[in-house]
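Chemist: Input file: target27.pdb. Contents: PDB, C-alpha atoms, pLDDT in the B column.
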ATOM      1  CA  MET A   1      30.636  15.726 -51.856  1.00 40.00           C
ATOM      2  CA  ALA A   2      30.671  19.434 -52.494  1.00 43.00           C
ATOM      3  CA  GLY A   3      32.272  22.411 -50.902  1.00 47.00           C
ATOM      4  CA  PHE A   4      29.172  24.407 -50.035  1.00 43.00           C
ATOM      5  CA  HIS A   5      31.139  27.601 -49.494  1.00 45.00           C
ATOM      6  CA  THR A   6      30.477  28.454 -53.141  1.00 47.00           C
ATOM      7  CA  LYS A   7      27.248  28.828 -55.077  1.00 45.00           C
ATOM      8  CA  THR A   8      28.370  26.041 -57.405  1.00 48.00           C
ATOM      9  CA  PHE A   9      26.425  23.160 -55.850  1.00 45.00           C
ATOM     10  CA  MET A  10      22.904  22.595 -54.632  1.00 49.00           C
ATOM     11  CA  LEU A  11      22.080  21.787 -51.015  1.00 53.00           C
ATOM     12  CA  GLU A  12      20.542  18.463 -52.095  1.00 63.00           C
ATOM     13  CA  ASP A  13      24.045  17.321 -53.065  1.00 66.00           C
ATOM     14  CA  ASP A  14      25.154  16.890 -49.466  1.00 73.00           C
ATOM     15  CA  TYR A  15      25.059  13.096 -49.349  1.00 80.00           C
ATOM     16  CA  MET A  16      28.395  11.871 -48.045  1.00 89.00           C
ATOM     17  CA  THR A  17      30.484   8.855 -49.002  1.00 92.00           C
ATOM     18  CA  PRO A  18      30.760   6.014 -46.489  1.00 93.00           C
ATOM     19  CA  LYS A  19      34.191   4.506 -45.889  1.00 95.00           C
ATOM     20  CA  GLN A  20      32.951   1.175 -47.240  1.00 95.00           C
ATOM     21  CA  ALA A  21      32.499   2.729 -50.698  1.00 96.00           C
ATOM     22  CA  TRP A  22      36.275   3.288 -50.900  1.00 97.00           C
ATOM     23  CA  LYS A  23      37.124  -0.039 -49.230  1.00 96.00           C
ATOM     24  CA  ASN A  24      35.108  -1.769 -51.988  1.00 96.00           C
ATOM     25  CA  ILE A  25      37.543  -0.594 -54.666  1.00 98.00           C
ATOM     26  CA  ILE A  26      40.847  -0.574 -52.764  1.00 97.00           C
ATOM     27  CA  ASP A  27      42.288  -3.100 -55.239  1.00 96.00           C
ATOM     28  CA  TYR A  28      41.658  -0.703 -58.145  1.00 97.00           C
ATOM     29  CA  ILE A  29      43.191   2.479 -56.703  1.00 97.00           C
ATOM     30  CA  PRO A  30      46.968   2.715 -57.202  1.00 97.00           C
ATOM     31  CA  LYS A  31      48.922   3.274 -53.975  1.00 96.00           C
ATOM     32  CA  ASN A  32      51.762   5.121 -55.728  1.00 97.00           C
ATOM     33  CA  LYS A  33      49.630   8.061 -56.913  1.00 97.00           C
ATOM     34  CA  THR A  34      48.496  11.188 -55.120  1.00 98.00           C
ATOM     35  CA  ILE A  35      44.706  11.283 -55.010  1.00 98.00           C
ATOM     36  CA  TRP A  36      42.808  14.512 -55.372  1.00 98.00           C
ATOM     37  CA  GLU A  37      39.390  14.222 -53.733  1.00 98.00           C
ATOM     38  CA  PRO A  38      38.030  17.575 -54.926  1.00 97.00           C
ATOM     39  CA  PHE A  39      34.529  17.550 -53.417  1.00 94.00           C
ATOM     40  CA  TYR A  40      34.896  18.299 -49.734  1.00 92.00           C
ATOM     41  CA  GLY A  41      31.460  17.823 -48.177  1.00 89.00           C
ATOM     42  CA  ASP A  42      32.006  16.996 -44.514  1.00 90.00           C
ATOM     43  CA  GLY A  43      35.703  16.238 -45.087  1.00 92.00           C
ATOM     44  CA  LYS A  44      35.455  12.565 -44.181  1.00 94.00           C
ATOM     45  CA  SER A  45      35.948  11.137 -47.678  1.00 95.00           C
ATOM     46  CA  GLY A  46      39.563  12.311 -47.716  1.00 96.00           C
ATOM     47  CA  GLU A  47      40.051  10.970 -44.185  1.00 97.00           C
ATOM     48  CA  TYR A  48      38.713   7.570 -45.216  1.00 97.00           C
ATOM     49  CA  LEU A  49      41.074   7.387 -48.203  1.00 98.00           C
ATOM     50  CA  ARG A  50      44.013   8.359 -45.962  1.00 97.00           C
ATOM     51  CA  ASP A  51      42.961   5.680 -43.443  1.00 97.00           C
ATOM     52  CA  LEU A  52      43.178   3.168 -46.305  1.00 97.00           C
ATOM     53  CA  GLY A  53      46.803   4.163 -46.923  1.00 97.00           C
ATOM     54  CA  TYR A  54      46.581   6.728 -49.715  1.00 98.00           C
ATOM     55  CA  ASN A  55      48.264  10.101 -50.140  1.00 98.00           C
ATOM     56  CA  VAL A  56      45.261  12.439 -50.504  1.00 98.00           C
ATOM     57  CA  ILE A  57      44.672  16.100 -51.276  1.00 98.00           C
ATOM     58  CA  HIS A  58      41.250  17.003 -49.882  1.00 97.00           C
ATOM     59  CA  GLU A  59      40.688  20.695 -49.316  1.00 96.00           C
ATOM     60  CA  ASN A  60      37.578  22.835 -49.152  1.00 95.00           C
ATOM     61  CA  GLU A  61      38.031  24.709 -52.426  1.00 95.00           C
ATOM     62  CA  ASP A  62      36.356  25.058 -55.814  1.00 95.00           C
ATOM     63  CA  PHE A  63      36.898  22.067 -58.133  1.00 96.00           C
ATOM     64  CA  PHE A  64      36.481  24.222 -61.231  1.00 96.00           C
ATOM     65  CA  GLU A  65      39.366  26.495 -60.247  1.00 96.00           C
ATOM     66  CA  ASN A  66      41.934  23.844 -59.276  1.00 96.00           C
ATOM     67  CA  ASN A  67      43.792  20.856 -60.672  1.00 97.00           C
ATOM     68  CA  LYS A  68      45.759  18.776 -58.178  1.00 97.00           C
ATOM     69  CA  GLY A  69      47.117  15.295 -57.647  1.00 97.00           C
ATOM     70  CA  ASP A  70      47.748  12.444 -60.068  1.00 98.00           C
ATOM     71  CA  ILE A  71      44.279  10.887 -60.073  1.00 98.00           C
ATOM     72  CA  ILE A  72      40.812  11.935 -58.949  1.00 98.00           C
ATOM     73  CA  ILE A  73      38.760   9.696 -56.674  1.00 98.00           C
ATOM     74  CA  SER A  74      35.427  11.204 -55.654  1.00 97.00           C
ATOM     75  CA  ASN A  75      31.704  11.080 -55.111  1.00 95.00           C
ATOM     76  CA  PRO A  76      30.825  14.327 -56.899  1.00 95.00           C
ATOM     77  CA  PRO A  77      27.591  16.306 -56.624  1.00 92.00           C
ATOM     78  CA  PHE A  78      25.183  14.468 -58.907  1.00 90.00           C
ATOM     79  CA  SER A  79      23.380  17.674 -59.889  1.00 89.00           C
ATOM     80  CA  LYS A  80      26.509  18.947 -61.665  1.00 91.00           C
ATOM     81  CA  TYR A  81      27.752  15.717 -63.244  1.00 92.00           C
ATOM     82  CA  LYS A  82      27.621  17.191 -66.784  1.00 93.00           C
ATOM     83  CA  GLU A  83      29.884  20.107 -65.930  1.00 95.00           C
ATOM     84  CA  ILE A  84      32.147  17.893 -63.842  1.00 95.00           C
ATOM     85  CA  LEU A  85      32.624  15.334 -66.638  1.00 94.00           C
ATOM     86  CA  SER A  86      33.362  18.100 -69.143  1.00 93.00           C
ATOM     87  CA  ARG A  87      36.019  19.568 -66.865  1.00 95.00           C
ATOM     88  CA  LEU A  88      37.545  16.171 -66.149  1.00 94.00           C
ATOM     89  CA  LEU A  89      37.999  15.463 -69.831  1.00 91.00           C
ATOM     90  CA  LYS A  90      39.613  18.878 -70.324  1.00 93.00           C
ATOM     91  CA  ILE A  91      42.179  18.269 -67.587  1.00 95.00           C
ATOM     92  CA  ASP A  92      42.616  14.717 -68.958  1.00 93.00           C
ATOM     93  CA  LYS A  93      43.412  13.097 -65.628  1.00 95.00           C
ATOM     94  CA  PRO A  94      42.576   9.513 -64.589  1.00 97.00           C
ATOM     95  CA  PHE A  95      39.544   9.306 -62.322  1.00 97.00           C
ATOM     96  CA  ILE A  96      37.121   7.105 -60.454  1.00 98.00           C
ATOM     97  CA  LEU A  97      33.770   8.761 -59.736  1.00 97.00           C
ATOM     98  CA  ILE A  98      30.742   7.394 -57.981  1.00 96.00           C
ATOM     99  CA  LEU A  99      27.674   8.249 -60.052  1.00 96.00           C
ATOM    100  CA  PRO A 100      24.173   6.805 -60.403  1.00 94.00           C
ATOM    101  CA  ILE A 101      24.113   3.947 -62.897  1.00 94.00           C
ATOM    102  CA  SER A 102      21.306   5.779 -64.716  1.00 93.00           C
ATOM    103  CA  LYS A 103      23.813   8.443 -65.831  1.00 93.00           C
ATOM    104  CA  LEU A 104      25.384   5.838 -68.115  1.00 91.00           C
ATOM    105  CA  CYS A 105      22.399   6.115 -70.468  1.00 91.00           C
ATOM    106  CA  THR A 106      22.483   9.895 -70.756  1.00 91.00           C
ATOM    107  CA  ASN A 107      23.538  11.811 -73.842  1.00 91.00           C
ATOM    108  CA  THR A 108      26.191  13.558 -71.768  1.00 88.00           C
ATOM    109  CA  VAL A 109      28.018  10.319 -71.004  1.00 90.00           C
ATOM    110  CA  ARG A 110      27.518   8.984 -74.528  1.00 87.00           C
ATOM    111  CA  GLU A 111      28.885  12.185 -76.075  1.00 85.00           C
ATOM    112  CA  HIS A 112      31.841  12.521 -73.704  1.00 82.00           C
ATOM    113  CA  PHE A 113      33.033   8.934 -73.689  1.00 85.00           C
ATOM    114  CA  THR A 114      33.860   7.475 -77.073  1.00 77.00           C
ATOM    115  CA  TYR A 115      36.513   5.129 -78.393  1.00 72.00           C
ATOM    116  CA  ASP A 116      39.069   7.900 -77.810  1.00 74.00           C
ATOM    117  CA  HIS A 117      37.864   8.526 -74.272  1.00 79.00           C
ATOM    118  CA  LYS A 118      37.091   5.049 -73.020  1.00 88.00           C
ATOM    119  CA  LEU A 119      34.995   4.658 -69.893  1.00 93.00           C
ATOM    120  CA  GLN A 120      35.185   1.599 -67.641  1.00 95.00           C
ATOM    121  CA  LEU A 121      32.810   0.629 -64.837  1.00 96.00           C
ATOM    122  CA  ILE A 122      33.113  -1.043 -61.469  1.00 98.00           C
ATOM    123  CA  ILE A 123      29.703  -2.201 -60.312  1.00 97.00           C
ATOM    124  CA  PRO A 124      29.207  -2.891 -56.603  1.00 96.00           C
ATOM    125  CA  ARG A 125      27.242  -5.868 -55.413  1.00 93.00           C
ATOM    126  CA  ARG A 126      24.999  -3.738 -53.216  1.00 92.00           C
ATOM    127  CA  ARG A 127      23.784  -0.166 -53.220  1.00 90.00           C
ATOM    128  CA  ILE A 128      26.124   2.363 -51.688  1.00 91.00           C
ATOM    129  CA  GLN A 129      24.452   3.719 -48.567  1.00 89.00           C
ATOM    130  CA  PHE A 130      25.379   7.398 -48.567  1.00 88.00           C
ATOM    131  CA  TYR A 131      24.746   9.375 -45.430  1.00 84.00           C
ATOM    132  CA  LYS A 132      23.323  12.815 -44.968  1.00 78.00           C
ATOM    133  CA  THR A 133      24.563  14.931 -42.107  1.00 69.00           C
ATOM    134  CA  GLY A 134      21.991  14.937 -39.324  1.00 62.00           C
ATOM    135  CA  ILE A 135      19.998  11.955 -40.603  1.00 64.00           C
ATOM    136  CA  GLN A 136      20.641   8.654 -38.850  1.00 57.00           C
ATOM    137  CA  HIS A 137      18.944   6.094 -41.056  1.00 58.00           C
ATOM    138  CA  ASN A 138      18.957   6.903 -44.726  1.00 63.00           C
ATOM    139  CA  ARG A 139      18.497   4.130 -47.281  1.00 75.00           C
ATOM    140  CA  CYS A 140      19.658   4.858 -50.802  1.00 77.00           C
ATOM    141  CA  ASN A 141      16.950   3.990 -53.335  1.00 82.00           C
ATOM    142  CA  PHE A 142      19.095   3.946 -56.498  1.00 87.00           C
ATOM    143  CA  ASP A 143      22.115   2.053 -57.781  1.00 92.00           C
ATOM    144  CA  CYS A 144      25.498   3.634 -58.390  1.00 94.00           C
ATOM    145  CA  ALA A 145      28.665   2.515 -60.108  1.00 97.00           C
ATOM    146  CA  TYR A 146      32.270   3.622 -60.118  1.00 98.00           C
ATOM    147  CA  TYR A 147      32.914   5.368 -63.440  1.00 97.00           C
ATOM    148  CA  CYS A 148      36.580   4.955 -64.336  1.00 97.00           C
ATOM    149  CA  PHE A 149      38.653   6.835 -66.895  1.00 96.00           C
ATOM    150  CA  LYS A 150      42.298   6.103 -67.755  1.00 95.00           C
ATOM    151  CA  MET A 151      42.523   3.636 -64.856  1.00 96.00           C
ATOM    152  CA  ASN A 152      43.566   0.784 -67.178  1.00 95.00           C
ATOM    153  CA  LEU A 153      41.415  -1.836 -65.523  1.00 96.00           C
ATOM    154  CA  GLU A 154      41.663  -5.413 -66.811  1.00 95.00           C
ATOM    155  CA  ARG A 155      38.014  -5.391 -67.902  1.00 94.00           C
ATOM    156  CA  ASP A 156      35.662  -2.679 -69.116  1.00 94.00           C
ATOM    157  CA  ILE A 157      33.041  -3.864 -66.646  1.00 95.00           C
ATOM    158  CA  THR A 158      34.152  -5.205 -63.288  1.00 96.00           C
ATOM    159  CA  TRP A 159      31.559  -6.731 -60.977  1.00 97.00           C
ATOM    160  CA  LEU A 160      32.442  -6.642 -57.296  1.00 95.00           C
ATOM    161  CA  LEU A 161      31.692  -9.898 -55.544  1.00 88.00           C
ATOM    162  CA  PHE A 162      31.575  -8.553 -51.975  1.00 73.00           C
TER     163      PHE A 162
END
What would you get if you wrote out this structure as C-alpha cells?
Modeler:
Amino acid sequence: MAGFHTKTFMLEDDYMTPKQAWKNIIDYIPKNKTIWEPFYGDGKSGEYLRDLGYNVIHENEDFFENNKGDIIISNPPFSKYKEILSRLLKIDKPFILILPISKLCTNTVREHFTYDHKLQLIIPRRRIQFYKTGIQHNRCNFDCAYYCFKMNLERDITWLLF
C-alpha cells in the first residue's frame, strides 16, 4: 500500500491487496488507460493488475511528489486517506480506491465529494481479505468499498454479486 522508504506512512499501513480485490472489479477498469498504482507496498498490487492485462505504472516513490498515468487504481494507506483524497482532487484524475466503508460517513469525504465532485461506490459481496507480510492467516474485521471518481459508472452504487 505504501512506499515505506519515506516517513509519510505509518507501519500499520502495510496491509497488502490480494489479487482477487482487482479481479472483482475488472469489468469497471478501462483497458485502454494507463493505470498508476502509486502505493507500492510489497510491489504485488502492480503485478496483479499487469497479470489482469493492464498497462501499469507501479514504482516505489512518493505519491505526493508524482502524478503519472491516466487513472489511479490503488489500496492506499488508510491512515492518510484525508491527505490522499485532497491530493487526488487537486490532480483531478479518475480513480478507484479501496477504503473502509466507514470513511464514507466522515466529514472529509462529505466535504470533498459534492455535486461537482461526484463519488460512486462499488461494494463487494464479501470483505476483502488483505494480507500482511509475514502473517499467514489474517482475517479482515471491517468492510471496504471501492471509491470511484470520474469513472462514469452506470450507477452511483454498484453491488458486486460474486
Chemist: Just to confirm, what's the straight-line distance from atom CA of Ile101 of chain A to atom CA of Ala145 of chain A in Å (one decimal)?
Modeler: 5.5 Å
Chemist: Any chance you could resolve the PyMOL selection byres ((chain A and resi 18) around 10) against this file and give the residues as a PyMOL selection string?
Modeler: chain A and resi 15-17+19-23+44-45+48+128-131
Chemist: I'd like the interatomic distance between atom CA of Cys148 of chain A and atom CA of Lys118 of chain A, to a tenth of an Å.
Modeler: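 Interatomic distance here is 8.7 Å.
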Chemist: One decimal, in Å: what's the spacing between atom CA of Met151 of chain A and atom CA of Ile91 of chain A?
Modeler: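 Separation of atom CA of Met151 of chain A and atom CA of Ile91 of chain A: 14.9 Å.
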Chemist: For Ile157 of chain A, list every protein, DNA or RNA residue within 7 Å, evaluated using only C-alpha atoms, and leave out those in the same chain fewer than 2 positions away; present the list as an MDAnalysis selection string.
Modeler: chainID A and resid 120:122 155 159
Chemist: Between A:Ile84, A:Ile98, A:Leu161, A:Ile73, which has the minimum distance to Arg125 of chain A (counting all atoms listed in the file)?
Modeler: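 Using all atoms listed in the file, Arg125 of chain A sits closest to A:Leu161.
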Chemist: Using all atoms listed in the file, pick whichever of A:Leu104, A:Leu153, A:Ile57, A:Leu99 has the shortest atom-to-atom distance to Lys80 of chain A.
Modeler: A:Leu99
Chemist: If you apply the PyMOL selection byres ((chain A and resi 100) around 12) to this file, what residues do you get, as number ranges by chain?
Modeler: A: 75-79, 81, 97-99, 101-106, 109, 121-124, 127-128, 130, 140-147
Chemist: Return as an NGL selection string the set of residues that the PyMOL selection byres ((chain A and resi 117) around 12) yields on the displayed structure.
Modeler: :A and (85-86 or 88-90 or 92-94 or 109-116 or 118-120 or 148-152)
Chemist: Return as AutoDock Vina command-line options the centre and edge lengths, in Å with one decimal, of the box along x, y and z that encloses every atom of segment 46-60 of chain A in the file, padded by 3 Å per side.
Modeler:
--center_x 42.9 --center_y 13.0 --center_z -47.4 --size_x 16.7 --size_y 25.7 --size_z 13.8
Chemist: Which is closer to Phe39 of chain A than all the others in A:Ser74, A:Glu65, A:Asn55, A:Ile26, using all atoms listed in the file?
Modeler: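 Checking each candidate against Phe39 of chain A, we get A:Ser74 as the closest.
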Chemist: Which of these, A:Glu47, A:Asp14, A:Glu154, A:Asp70, has the shortest distance to Thr34 of chain A once you count all atoms listed in the file?
Modeler: A:Asp70
Chemist: Nearest to Asn60 of chain A: which of A:Ile25, A:Ile72, A:Glu37, A:Asp156 is it, counting only C-alpha atoms?
Modeler: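 So, comparing all the options, the nearest one is A:Glu37.
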